[in-house]
Every structure is written in C-alpha cells, then in structure tokens.
>>> print(open('my_file-v2.txt').read())   # compact mmCIF, C-alpha atoms and all ligand atoms
# COMPACT_ATOMS: atom_id res chain seq x y z
CA MET A 5 -36.08 -25.65 46.62
CA VAL A 6 -36.44 -24.46 50.22
CA ARG A 7 -39.89 -23.96 51.62
CA VAL A 8 -41.19 -20.49 52.44
CA SER A 9 -43.87 -20.21 55.12
CA ARG A 10 -47.42 -19.27 54.25
CA ARG A 11 -47.29 -16.93 57.24
CA TYR A 12 -44.45 -14.98 55.64
CA LEU A 13 -46.05 -14.97 52.19
CA GLU A 14 -49.34 -13.70 53.57
CA ALA A 15 -47.83 -11.00 55.75
CA SER A 16 -45.42 -9.80 53.08
CA SER A 17 -48.17 -9.61 50.47
CA HIS A 18 -49.78 -6.87 52.60
CA ALA A 19 -46.59 -4.90 52.86
CA THR A 20 -46.37 -1.88 50.62
CA THR A 21 -42.67 -1.38 50.81
CA MET A 22 -40.98 1.61 49.31
CA SER A 23 -39.11 1.11 46.13
CA TYR A 24 -35.84 2.96 46.33
CA ALA A 25 -35.12 1.90 42.77
CA PHE A 26 -36.88 4.94 41.32
CA VAL A 27 -35.14 6.18 38.23
CA HIS A 28 -34.04 9.77 38.53
CA GLU A 29 -33.91 11.80 35.32
CA GLY A 30 -33.44 15.10 37.10
CA LYS A 31 -30.94 16.55 34.61
CA GLY A 32 -27.96 16.60 36.92
CA ARG A 33 -29.88 17.98 39.88
CA PRO A 34 -29.07 15.92 42.97
CA PRO A 35 -32.04 13.94 44.27
CA ILE A 36 -33.81 15.19 47.41
CA ASP A 37 -34.75 12.32 49.66
CA LEU A 38 -37.71 13.18 51.89
CA THR A 39 -38.61 9.58 52.64
CA ILE A 40 -36.47 8.78 55.60
CA GLY A 41 -37.69 8.92 59.18
CA GLN A 42 -34.32 9.33 60.73
CA PRO A 43 -32.75 12.48 62.12
CA ASP A 44 -30.11 14.12 59.91
CA VAL A 45 -28.39 15.67 62.93
CA LYS A 46 -25.50 14.33 64.97
CA PRO A 47 -26.29 12.83 68.38
CA PRO A 48 -25.14 14.77 71.49
CA SER A 49 -21.33 14.68 71.54
CA VAL A 50 -21.20 13.83 75.27
CA LEU A 51 -23.26 10.74 74.53
CA VAL A 52 -20.91 9.65 71.75
CA GLU A 53 -17.94 10.09 74.12
CA LEU A 54 -19.69 7.96 76.73
CA LEU A 55 -20.28 5.26 74.14
CA ALA A 56 -16.62 5.24 73.14
CA SER A 57 -15.47 4.96 76.73
CA GLU A 58 -18.02 2.24 77.60
CA ALA A 59 -16.98 0.23 74.53
CA ARG A 60 -13.56 -0.15 76.21
CA SER A 61 -14.94 -1.53 79.49
CA VAL A 62 -13.95 -5.08 80.45
CA ASP A 63 -17.32 -6.74 79.97
CA ALA A 64 -18.43 -4.66 76.95
CA SER A 65 -18.38 -7.67 74.63
CA ARG A 66 -20.28 -10.06 76.86
CA TYR A 67 -23.90 -11.03 76.20
CA PRO A 68 -26.31 -8.56 77.74
CA PRO A 69 -29.00 -9.85 80.13
CA PRO A 70 -32.34 -10.23 78.26
CA GLN A 71 -34.26 -7.82 80.48
CA GLY A 72 -31.59 -5.15 80.07
CA LEU A 73 -28.78 -4.02 82.37
CA ARG A 74 -29.94 -3.21 85.86
CA GLU A 75 -28.23 0.20 85.76
CA LEU A 76 -30.13 1.22 82.62
CA ARG A 77 -33.43 -0.05 84.02
CA GLU A 78 -32.80 1.93 87.20
CA ALA A 79 -32.02 5.03 85.16
CA LEU A 80 -35.16 4.49 83.05
CA ALA A 81 -37.34 3.91 86.12
CA SER A 82 -36.26 7.25 87.58
CA TYR A 83 -36.69 8.89 84.13
CA MET A 84 -40.27 7.52 84.06
CA ARG A 85 -40.93 8.75 87.60
CA GLU A 86 -39.44 12.18 87.05
CA PHE A 87 -40.78 13.00 83.59
CA TYR A 88 -44.01 11.02 83.44
CA GLY A 89 -45.00 10.88 87.11
CA VAL A 90 -45.50 7.11 87.20
CA ASP A 91 -44.44 4.81 89.98
CA ALA A 92 -41.93 2.84 87.86
CA GLU A 93 -39.52 0.23 89.24
CA PRO A 94 -36.61 -1.37 87.35
CA GLU A 95 -38.51 -4.72 87.39
CA ASP A 96 -41.25 -3.15 85.25
CA ILE A 97 -38.85 -2.17 82.48
CA VAL A 98 -37.48 -4.25 79.63
CA VAL A 99 -34.79 -2.90 77.31
CA LEU A 100 -35.45 -3.53 73.62
CA VAL A 101 -33.53 -3.33 70.36
CA GLY A 102 -35.27 -0.05 69.46
CA ALA A 103 -39.03 0.46 69.71
CA LYS A 104 -39.87 -1.62 66.64
CA PRO A 105 -39.43 -5.10 68.18
CA GLY A 106 -41.60 -3.84 71.04
CA ILE A 107 -44.54 -3.92 68.63
CA ALA A 108 -44.13 -7.62 67.77
CA ALA A 109 -43.22 -8.42 71.38
CA SER A 110 -46.40 -6.71 72.58
CA ILE A 111 -48.64 -8.60 70.18
CA TYR A 112 -46.85 -11.81 71.13
CA SER A 113 -47.09 -11.10 74.86
CA VAL A 114 -50.69 -9.87 74.99
CA CYS A 115 -52.63 -11.62 72.20
CA ASP A 116 -53.34 -15.21 71.26
CA ARG A 117 -53.50 -16.52 67.69
CA GLY A 118 -56.37 -14.93 65.78
CA GLY A 119 -56.62 -12.05 68.30
CA ARG A 120 -57.61 -8.65 66.95
CA VAL A 121 -55.21 -5.70 67.08
CA ALA A 122 -56.95 -2.33 66.80
CA VAL A 123 -54.90 0.10 64.73
CA LEU A 124 -55.71 3.76 64.09
CA THR A 125 -54.95 4.51 60.49
CA PRO A 126 -52.93 6.07 58.84
CA HIS A 127 -50.45 3.97 60.78
CA PHE A 128 -46.83 2.99 61.13
CA TYR A 129 -46.66 -0.07 58.84
CA ALA A 130 -45.14 -2.42 61.46
CA TYR A 131 -48.41 -2.46 63.47
CA GLU A 132 -50.16 -4.17 60.59
CA ILE A 133 -47.34 -6.41 59.40
CA ALA A 134 -46.26 -7.58 62.87
CA SER A 135 -49.90 -8.52 63.60
CA LEU A 136 -50.04 -10.61 60.43
CA MET A 137 -46.64 -12.17 61.13
CA LEU A 138 -47.92 -13.34 64.51
CA ASP A 139 -51.27 -14.68 63.25
CA ALA A 140 -53.22 -11.81 64.77
CA LYS A 141 -55.66 -9.71 62.73
CA PRO A 142 -55.32 -5.94 62.43
CA VAL A 143 -58.62 -4.05 62.52
CA PHE A 144 -58.56 -0.42 61.49
CA ILE A 145 -60.13 2.79 62.77
CA ARG A 146 -59.83 5.69 60.33
CA LEU A 147 -58.51 9.01 61.56
CA SER A 148 -59.25 12.47 60.20
CA TRP A 149 -57.44 15.74 60.86
CA GLU A 150 -59.33 18.70 59.43
CA GLU A 151 -58.59 21.00 62.37
CA GLY A 152 -55.03 19.93 63.01
CA VAL A 153 -55.98 17.28 65.59
CA LEU A 154 -56.46 13.57 64.96
CA ARG A 155 -60.05 12.42 65.46
CA ALA A 156 -62.13 9.34 64.71
CA ASP A 157 -65.82 8.68 64.39
CA GLU A 158 -67.12 7.79 67.85
CA GLU A 159 -69.58 5.18 66.56
CA GLU A 160 -66.87 3.50 64.52
CA VAL A 161 -64.55 3.33 67.54
CA LYS A 162 -67.33 1.80 69.65
CA ARG A 163 -68.20 -0.67 66.91
CA VAL A 164 -64.61 -1.89 66.66
CA PHE A 165 -64.44 -2.54 70.41
CA GLU A 166 -67.88 -4.14 70.61
CA GLU A 167 -67.62 -6.33 67.53
CA GLU A 168 -63.93 -7.10 67.25
CA LYS A 169 -62.99 -7.15 70.95
CA PRO A 170 -59.33 -6.34 70.28
CA CYS A 171 -56.78 -7.87 72.66
CA LEU A 172 -54.44 -4.98 71.91
CA THR A 173 -55.11 -1.39 70.83
CA ILE A 174 -52.14 0.50 69.43
CA ILE A 175 -52.05 4.25 69.90
CA ASN A 176 -49.34 6.46 68.47
CA THR A 177 -49.45 10.07 69.58
CA PRO A 178 -47.49 12.16 68.52
CA HIS A 179 -48.22 10.40 65.29
CA ASN A 180 -46.41 9.04 62.28
CA PRO A 181 -47.18 9.86 59.43
CA THR A 182 -49.19 13.04 60.22
CA GLY A 183 -47.01 14.70 62.89
CA LEU A 184 -50.23 15.49 64.81
CA LEU A 185 -51.61 14.68 68.26
CA LEU A 186 -54.69 12.61 69.02
CA ASP A 187 -57.70 14.44 70.34
CA GLU A 188 -57.88 14.06 74.13
CA ALA A 189 -61.57 13.13 74.09
CA LEU A 190 -60.76 10.33 71.64
CA LEU A 191 -58.01 9.08 73.96
CA ASP A 192 -60.44 9.05 76.89
CA LEU A 193 -63.05 7.22 74.83
CA ILE A 194 -60.53 4.57 73.74
CA ALA A 195 -59.21 4.18 77.29
CA ASP A 196 -62.76 3.64 78.59
CA LEU A 197 -63.65 1.16 75.88
CA ALA A 198 -60.34 -0.69 76.21
CA SER A 199 -60.83 -0.97 79.93
CA ASP A 200 -64.47 -2.14 79.56
CA HIS A 201 -63.58 -4.75 76.93
CA GLY A 202 -60.35 -6.02 78.49
CA SER A 203 -58.11 -4.63 75.73
CA THR A 204 -54.58 -3.52 76.59
CA ILE A 205 -53.28 -0.29 75.06
CA LEU A 206 -49.84 -0.20 73.51
CA SER A 207 -48.79 3.43 73.56
CA ASP A 208 -46.05 4.05 71.00
CA GLU A 209 -44.35 7.18 72.35
CA VAL A 210 -41.28 7.39 70.11
CA TYR A 211 -42.07 11.05 69.31
CA ALA A 212 -43.12 12.04 72.85
CA TRP A 213 -40.23 14.46 73.30
CA LEU A 214 -40.62 16.19 69.96
CA VAL A 215 -43.85 18.14 70.51
CA TYR A 216 -43.58 21.81 69.49
CA ARG A 217 -47.27 22.78 69.32
CA GLY A 218 -49.73 21.94 72.05
CA SER A 219 -48.81 19.58 74.84
CA HIS A 220 -48.60 15.87 75.25
CA ARG A 221 -48.75 13.69 78.33
CA PRO A 222 -47.75 10.07 77.71
CA LEU A 223 -50.74 7.77 77.96
CA VAL A 224 -49.27 5.72 80.78
CA SER A 225 -49.29 8.84 82.98
CA ARG A 226 -52.97 9.38 82.17
CA TYR A 227 -54.31 5.86 82.43
CA GLY A 228 -51.70 3.88 84.38
CA PRO A 229 -49.67 0.72 83.67
CA ASN A 230 -52.59 -1.63 84.31
CA LEU A 231 -54.13 -0.45 81.07
CA VAL A 232 -51.19 0.98 79.11
CA ILE A 233 -47.88 -0.45 77.96
CA HIS A 234 -45.47 2.42 77.41
CA LEU A 235 -43.13 1.96 74.43
CA GLU A 236 -40.35 4.45 73.85
CA SER A 237 -36.96 4.63 72.19
CA PHE A 238 -34.05 7.00 71.88
CA SER A 239 -33.88 6.71 68.08
CA LYS A 240 -35.61 10.03 67.43
CA THR A 241 -35.17 11.76 70.80
CA LEU A 242 -31.37 11.53 70.86
CA ALA A 243 -30.86 11.11 67.10
CA VAL A 244 -29.39 7.61 67.48
CA PRO A 245 -31.66 5.34 65.37
CA GLY A 246 -28.80 3.00 64.53
CA TRP A 247 -27.92 2.35 68.17
CA ARG A 248 -31.17 0.41 68.51
CA LEU A 249 -32.15 1.28 72.03
CA GLY A 250 -35.75 1.22 73.17
CA PHE A 251 -37.72 0.00 76.15
CA ILE A 252 -41.14 -0.84 77.45
CA TYR A 253 -42.59 -0.06 80.84
CA SER A 254 -45.53 -2.15 81.92
CA GLU A 255 -46.91 -4.23 84.72
CA SER A 256 -44.24 -6.73 85.85
CA ARG A 257 -46.14 -9.87 84.73
CA LEU A 258 -45.97 -8.53 81.18
CA SER A 259 -42.34 -7.50 81.60
CA ARG A 260 -41.53 -11.17 82.10
CA ALA A 261 -43.19 -11.98 78.77
CA TYR A 262 -41.07 -9.34 77.00
CA THR A 263 -37.93 -10.68 78.67
CA PHE A 264 -38.85 -14.15 77.44
CA PHE A 265 -39.30 -12.72 73.93
CA ASN A 266 -35.89 -11.02 74.07
CA ALA A 267 -34.17 -14.10 75.47
CA ASN A 268 -35.41 -16.24 72.61
CA VAL A 269 -35.18 -13.81 69.71
CA TYR A 270 -32.21 -11.46 70.03
CA THR A 271 -30.97 -11.53 73.64
CA GLY A 272 -30.54 -7.80 74.03
CA VAL A 273 -28.86 -4.51 73.27
CA PRO A 274 -25.02 -4.39 73.49
CA ARG A 275 -23.90 -3.54 77.02
CA PHE A 276 -21.87 -0.47 76.06
CA ILE A 277 -24.86 1.14 74.34
CA GLN A 278 -27.04 0.53 77.39
CA ARG A 279 -24.39 1.92 79.75
CA ALA A 280 -23.72 5.02 77.65
CA VAL A 281 -27.42 5.92 77.56
CA ALA A 282 -27.87 5.08 81.27
CA ARG A 283 -25.08 7.48 82.19
CA TYR A 284 -26.27 10.15 79.79
CA ILE A 285 -29.87 10.26 80.97
CA SER A 286 -28.84 10.11 84.64
CA ASP A 287 -25.75 12.32 84.80
CA TYR A 288 -26.22 14.71 81.87
CA ARG A 289 -29.87 15.75 82.24
CA GLU A 290 -29.19 19.38 81.30
CA ASP A 291 -27.41 18.35 78.13
CA MET A 292 -30.24 15.95 77.23
CA LEU A 293 -32.93 18.58 77.78
CA ALA A 294 -30.99 21.17 75.79
CA PHE A 295 -30.52 18.68 72.94
CA VAL A 296 -34.20 17.75 72.68
CA ASP A 297 -35.15 21.40 72.88
CA ARG A 298 -32.86 22.12 69.94
CA MET A 299 -34.44 19.21 68.01
CA ARG A 300 -37.96 20.52 68.65
CA ARG A 301 -37.05 24.00 67.44
CA LEU A 302 -35.28 22.62 64.40
CA TYR A 303 -38.25 20.52 63.25
CA GLU A 304 -40.74 23.28 63.97
CA LYS A 305 -38.72 25.72 61.86
CA ARG A 306 -38.48 23.22 59.02
CA ALA A 307 -42.21 22.50 59.22
CA GLN A 308 -42.94 26.24 58.95
CA THR A 309 -40.62 26.58 55.99
CA LEU A 310 -42.21 23.66 54.20
CA ILE A 311 -45.74 24.92 54.84
CA GLU A 312 -44.86 28.42 53.59
CA ALA A 313 -43.26 26.92 50.48
CA LEU A 314 -46.36 24.77 49.88
CA ASN A 315 -48.43 27.95 49.43
CA ALA A 316 -47.02 27.90 45.89
CA LEU A 317 -48.97 24.69 45.31
CA GLU A 318 -52.20 25.97 46.79
CA GLY A 319 -55.19 24.06 45.49
CA LEU A 320 -53.04 21.18 44.31
CA VAL A 321 -51.90 19.91 47.71
CA ASP A 322 -53.73 19.79 51.07
CA TYR A 323 -51.41 20.69 53.91
CA TYR A 324 -51.43 21.80 57.56
CA MET A 325 -48.94 22.71 60.24
CA PRO A 326 -47.80 19.59 62.14
CA ALA A 327 -47.45 19.65 65.94
CA ALA A 328 -44.63 17.20 66.59
CA GLY A 329 -42.01 14.89 65.19
CA PHE A 330 -40.75 15.24 61.67
CA PHE A 331 -43.44 14.24 59.21
CA VAL A 332 -46.25 15.86 57.27
CA PHE A 333 -48.92 13.86 55.42
CA LEU A 334 -50.02 15.79 52.36
CA GLY A 335 -53.25 15.30 50.42
CA THR A 336 -52.27 15.06 46.77
CA GLU A 337 -55.47 14.52 44.77
CA GLY A 338 -55.21 17.91 43.02
CA LEU A 339 -51.59 17.39 42.09
CA GLU A 340 -52.34 13.87 40.82
CA LYS A 341 -55.06 15.28 38.53
CA ARG A 342 -52.79 18.05 37.29
CA LEU A 343 -50.03 15.58 36.49
CA GLY A 344 -52.37 12.94 35.03
CA VAL A 345 -51.56 10.13 37.46
CA LYS A 346 -54.12 7.89 39.18
CA ASP A 347 -52.82 7.81 42.72
CA SER A 348 -49.99 8.83 45.04
CA GLU A 349 -47.92 5.76 44.20
CA GLU A 350 -47.74 6.89 40.57
CA LEU A 351 -47.23 10.43 41.81
CA ALA A 352 -44.28 9.40 43.98
CA SER A 353 -42.64 7.64 41.01
CA LEU A 354 -43.23 10.65 38.80
CA LEU A 355 -41.82 13.10 41.36
CA ALA A 356 -38.79 10.86 41.76
CA SER A 357 -38.11 10.42 38.07
CA LYS A 358 -38.94 13.91 36.81
CA ALA A 359 -38.08 16.13 39.76
CA GLY A 360 -35.67 14.01 41.78
CA VAL A 361 -37.91 14.44 44.85
CA PHE A 362 -38.52 11.29 46.87
CA VAL A 363 -41.58 10.98 49.14
CA VAL A 364 -43.45 8.00 50.60
CA PRO A 365 -46.84 7.11 49.03
CA GLY A 366 -49.77 6.95 51.46
CA ARG A 367 -50.44 3.23 50.89
CA VAL A 368 -47.44 2.43 53.08
CA PHE A 369 -49.60 3.73 55.97
CA GLY A 370 -52.83 1.93 55.06
CA ASP A 371 -55.65 2.69 52.65
CA TRP A 372 -54.51 6.23 51.81
CA PRO A 373 -54.06 6.28 48.03
CA HIS A 374 -54.12 10.08 47.70
CA HIS A 375 -51.57 11.18 50.31
CA VAL A 376 -47.80 11.24 50.55
CA ARG A 377 -45.58 11.49 53.61
CA VAL A 378 -42.84 14.10 53.57
CA SER A 379 -40.03 13.91 56.09
CA LEU A 380 -38.53 17.03 57.64
CA THR A 381 -35.16 15.41 58.12
CA ALA A 382 -33.57 17.60 55.45
CA PRO A 383 -32.31 21.19 55.74
CA GLU A 384 -34.71 24.04 55.00
CA ALA A 385 -33.05 24.90 51.68
CA ARG A 386 -33.61 21.34 50.44
CA LEU A 387 -37.27 21.43 51.51
CA LYS A 388 -37.81 24.68 49.59
CA GLU A 389 -35.99 23.31 46.59
CA ALA A 390 -38.15 20.16 46.65
CA VAL A 391 -41.35 22.22 46.59
CA SER A 392 -40.10 24.48 43.82
CA ARG A 393 -39.19 21.45 41.69
CA ILE A 394 -42.71 20.07 42.22
CA ALA A 395 -44.24 23.45 41.39
CA GLU A 396 -42.16 23.59 38.20
CA LEU A 397 -43.39 20.15 37.19
CA ALA A 398 -47.01 21.10 37.99
CA ALA A 399 -46.70 24.28 35.91
CA ARG A 400 -45.68 22.17 32.93
CA GLY A 401 -48.79 20.03 33.60
C1 LIG B 501 -44.40 5.39 65.19
C2 LIG B 501 -43.11 4.65 65.21
N1 LIG B 501 -42.93 3.66 66.09
C3 LIG B 501 -41.78 2.96 66.15
C4 LIG B 501 -40.74 3.26 65.30
C5 LIG B 501 -39.49 2.45 65.42
O1 LIG B 501 -38.56 3.12 66.18
P1 LIG B 501 -37.15 2.49 66.53
O2 LIG B 501 -36.15 3.11 65.62
O3 LIG B 501 -36.89 2.86 67.92
O4 LIG B 501 -37.25 1.02 66.35
C6 LIG B 501 -40.87 4.28 64.36
C7 LIG B 501 -39.78 4.57 63.42
O5 LIG B 501 -39.91 5.19 62.42
C8 LIG B 501 -42.09 4.99 64.31
O6 LIG B 501 -42.28 6.00 63.45
>>> encode(input="my_file-v2.txt", output="structure tokens", more="lines below")
Ligand SMILES: Cc1ncc(COP(=O)(O)O)c(C=O)c1O
Amino acid sequence: MVRVSRRYLEASSHATTMSYAFVHEGKGRPPIDLTIGQPDVKPPSVLVELLASEARSVDASRYPPPQGLRELREALASYMREFYGVDAEPEDIVVLVGAKPGIAASIYSVCDRGGRVAVLTPHFYAYEIASLMLDAKPVFIRLSWEEGVLRADEEEVKRVFEEEKPCLTIINTPHNPTGLLLDEALLDLIADLASDHGSTILSDEVYAWLVYRGSHRPLVSRYGPNLVIHLESFSKTLAVPGWRLGFIYSESRLSRAYTFFNANVYTGVPRFIQRAVARYISDYREDMLAFVDRMRRLYEKRAQTLIEALNALEGLVDYYMPAAGFFVFLGTEGLEKRLGVKDSEELASLLASKAGVFVVPGRVFGDWPHHVRVSLTAPEARLKEAVSRIAELAARG
C-alpha cells in the first residue's frame, strides 16, 4: 500500500468539506444550489473574443514564464497605479493561477515551519488548511457583525499579536462568508500591531470591486507594500473563475519568492489567458468598468430580495444586509430549534433533503456551528423560492 503523509492526514482532518451527496427528496422540485461562490453570469463578451483570438497566436501553447508575461505585469502595474494609487512596477507583480495559490505561496514565502498565521474568523477555509499543509499554525481572531460592520475585540487582537507573534496576518475585506467590510479602526489597529511585531499582512482583495454599500480602499493603498501583500484575482470581478488568473503585488524581494513557488509548482497561467486579460484591462477600460458596475448592481438587488424574503422567517434566522460580494452568513439557531436539529450541519442536510435548498454550513468557515452561508449567485426568483421552501418546512415544524 502506498504511504500517505502525516502532513496531509493532519491538514485534511481539519477540513470540513461540503458534501454534495445530499439526498434530495423534494418531490420533483428542482434543487436550488446556493452553495457556490462563482458568478452565474457570462464574462464580458469582448474579453471572450480576445481570448479566442489570443488562443490562435503563434506562441499560445508555449510554457508561460513563471513570473507572468511582461505585458500582463505592465498592464497590472498601471492598473494598480491608476485604481489603487500605489507606485507599482511590473517587477513587483507575480501572476498566479487564481488567488487561491497565492495563499499557500504567501505562507510559504513569508513564514518558516511552525510560524503562526493570524486568521480572522469566520474565514475562507484555504487560510486554515494551507497553513496546516505548510506546517504553519493558524491562530484565530473572532469577528462579530452586529451593526453590519466586522469588528473584533481589541484585547483579543492585541493578545494574538503579543503572544503568538504571527509571521503572517490574513485580512479579507470585503469578506467571505459575511459579505461585509472590516471596521476601519480594526484595520488600523491590526496594521499598527503587525508593523510593531514584524508581521506581514496578506490582503485578500478578491471582492474589492464588488462593494455596493460603503466604500473600500485596498489595504495596500492604505499601508503600503512594505507591510501589505496585495492578492487579487479576476475570478469574481470579471466572472471568469475557471480561467484561473490572479496576481500578487508586493515588495520585489517577496515577488522573487512567489516566482520561485510558481516555477516549482505549476509554472504559470496559459499565455493566451494572460494576454486576453492584459488587453482587456488596458484597452477596454470602459467596458470593464461598465461590467463591474453591472455586477455590483446585480448582487445588491439580489441581496435586497433575499433580505426582504427572509422577513418571512423573522425570529428563526438572523440576517442583515451585506455590503459587497455575493454571500450572506445567516444565524440559524432559531431555525435549528424549530426543526429539531442540533447544528447548522444537520440543518443544511435537512434543507437539502426536505426542501431541495443547498447552503454551506458555518463549520466550513471555522467554529461557527449555528450559521450557514448563502450565495447570491442565483436569480432573484430562485432566492425567493428557496426562502419560501424553508418557510414551508419551518411551518410544518
Ligand atoms: C476570500 C477568497 N479568497 C480567494 C478565493 C479564491 O479565488 P480564486 O478563484 O481567484 O482562486 C476565494 C474564492 O472563493 C475567496 O472567497
């Protein structure tokens, strides 16, 4: 029998992965899948045309350079300068296979074995798992969001920095799974502590363009690339998650570490994908801005529709209006009691089997046994239908 590493066994034992094998007994009603964090809209058609034409170019099938094509890095450096006001150069940018590998690459590039990675929870699962995969230790800071803004207890934040001395602190605002923004005072506190304790901040900005309430300035613009590594991708912004195109912008010494990671793990993103996006963000700015504006309005409208529909479950579910992206994190204790289940994992199975409504249990995002994440990547009518099926189930008790 082949050997399986202890590293893998340990990391995977922490992973609460979704089971898509839920049985659906919804009496012929088609299931409504509100689990997926990927846009249900088509990418901009100009961009798709560019991709098709670049796929025919002579060198399209050659290996890409591990740091990314120069022309894309130039386009991204001017994008960073123009939109985020930072003094970016192509040397400071590394193209990645989406934002996700940027998490592992950051832990690898910044931390040594046993290093602590500070994670604000609820959190995108890869922060925790990638830390464990790389022999680092995630340490958690709990967030709360009573007034529609993400906050943390100041003493707890200070304690984590003083006692754990994290090598890396991961911040994700706009945030998955809540769809909210981090309180600015909390950001300033973390930036001060990180700077005092020599911790680097990884700022996961995959939802930066999808803010529809309040405003957001990427952390690298606020605190600079000596403290902050900027991680972004086009998966959500341009609705192309399967193209796998992301990038980091950081100080050039770190960029070399990411390039080394790329060179030895996956080489890089196909040339034609890099070229298509480089041309789109440089030559079709108006189209890009109009597209993201349409996305923001679409998700805001869906969020409003969902929140209005959730009034029907008042008292059973805790909800709020999100500010960005396409998720809402609902408190489900009341609904669990009504339906006689012990936590949101059992609730998610019950909703799947009895109502054909699929949501993600809170444990996927850390120690959140009484929440579920709902994705807004479904049309309004489906969102309303999902809530009315849940209400029907709750009425039966
Ligand atoms: C917070 C966060 N970071 C990173 C990612 C990964 O993005 P990508 O598709 O670019 O790898 C996701 C995807 O869901 C996410 O929600």
>>> residues_near_ligand(input="my_file-v2.txt", ligand="ligand LIG 501 (chain B)", cutoff="6 Å", atoms="all atoms listed in the file", output="ChimeraX atom specification")
/A:41,102-104,128,180,208,210,237,239,245,250
>>> residues_near_point(input="my_file-v2.txt", point="(-37.4, 19.4, 39.7)", cutoff="10 Å", atoms="only C-alpha atoms", output="list in words")
Glu29, Gly30, Lys31, Arg33, Pro34, Pro35, Ile36, Leu355, Ala356, Ser357, Lys358, Ala359, Gly360, Val361, Glu389, Ala390, Val391, Ser392, Arg393, Ile394, Ala395, Glu396, Leu397 and Ala398 of chain A
>>> closest_residue(input="my_file-v2.txt", among="A:Glu290, A:Glu14, A:Asp196, A:Asp297", to="A:Val215", atoms="all atoms listed in the file")
A:Asp297
>>> atom_distance(input="my_file-v2.txt", atom1="atom CA of A:Ile107", atom2="atom CA of A:Gly119")
14.6 Å
>>> residues_around(input="my_file-v2.txt", residues="A:Ile40", least_positions_apart="6", cutoff="12 Å", atoms="only C-alpha atoms", output="PDB file with C-alpha atoms, in the frame of the given file")
ATOM      1  CA  MET A  22     -40.980   1.610  49.310  1.00  0.00           C
ATOM      2  CA  TYR A  24     -35.840   2.960  46.330  1.00  0.00           C
ATOM      3  CA  ASN A 180     -46.410   9.040  62.280  1.00  0.00           C
ATOM      4  CA  PRO A 181     -47.180   9.860  59.430  1.00  0.00           C
ATOM      5  CA  LYS A 240     -35.610  10.030  67.430  1.00  0.00           C
ATOM      6  CA  PRO A 245     -31.660   5.340  65.370  1.00  0.00           C
ATOM      7  CA  PHE A 330     -40.750  15.240  61.670  1.00  0.00           C
ATOM      8  CA  PHE A 331     -43.440  14.240  59.210  1.00  0.00           C
ATOM      9  CA  PHE A 362     -38.520  11.290  46.870  1.00  0.00           C
ATOM     10  CA  VAL A 363     -41.580  10.980  49.140  1.00  0.00           C
ATOM     11  CA  VAL A 364     -43.450   8.000  50.600  1.00  0.00           C
ATOM     12  CA  ARG A 377     -45.580  11.490  53.610  1.00  0.00           C
ATOM     13  CA  VAL A 378     -42.840  14.100  53.570  1.00  0.00           C
ATOM     14  CA  SER A 379     -40.030  13.910  56.090  1.00  0.00           C
ATOM     15  CA  LEU A 380     -38.530  17.030  57.640  1.00  0.00           C
ATOM     16  CA  THR A 381     -35.160  15.410  58.120  1.00  0.00           C
ATOM     17  CA  ALA A 382     -33.570  17.600  55.450  1.00  0.00           C
TER      18      ALA A 382
END
>>> closest_residue(input="my_file-v2.txt", among="A:Glu304, A:Val224, A:Ala327, A:Leu76", to="A:Leu249", atoms="only C-alpha atoms")
A:Leu76
>>> atom_distance(input="my_file-v2.txt", atom1="atom CA of A:Ala134", atom2="atom CA of A:Ile111")
7.8 Å
>>> residues_around(input="my_file-v2.txt", residues="A:Gly338", least_positions_apart="6", cutoff="8 Å", atoms="all atoms listed in the file", output="list in words")
Gly319, Leu320 and Val321 of chain A
>>> atom_distance(input="my_file-v2.txt", atom1="atom CA of A:Thr309", atom2="atom CA of A:Lys341")
25.3 Å
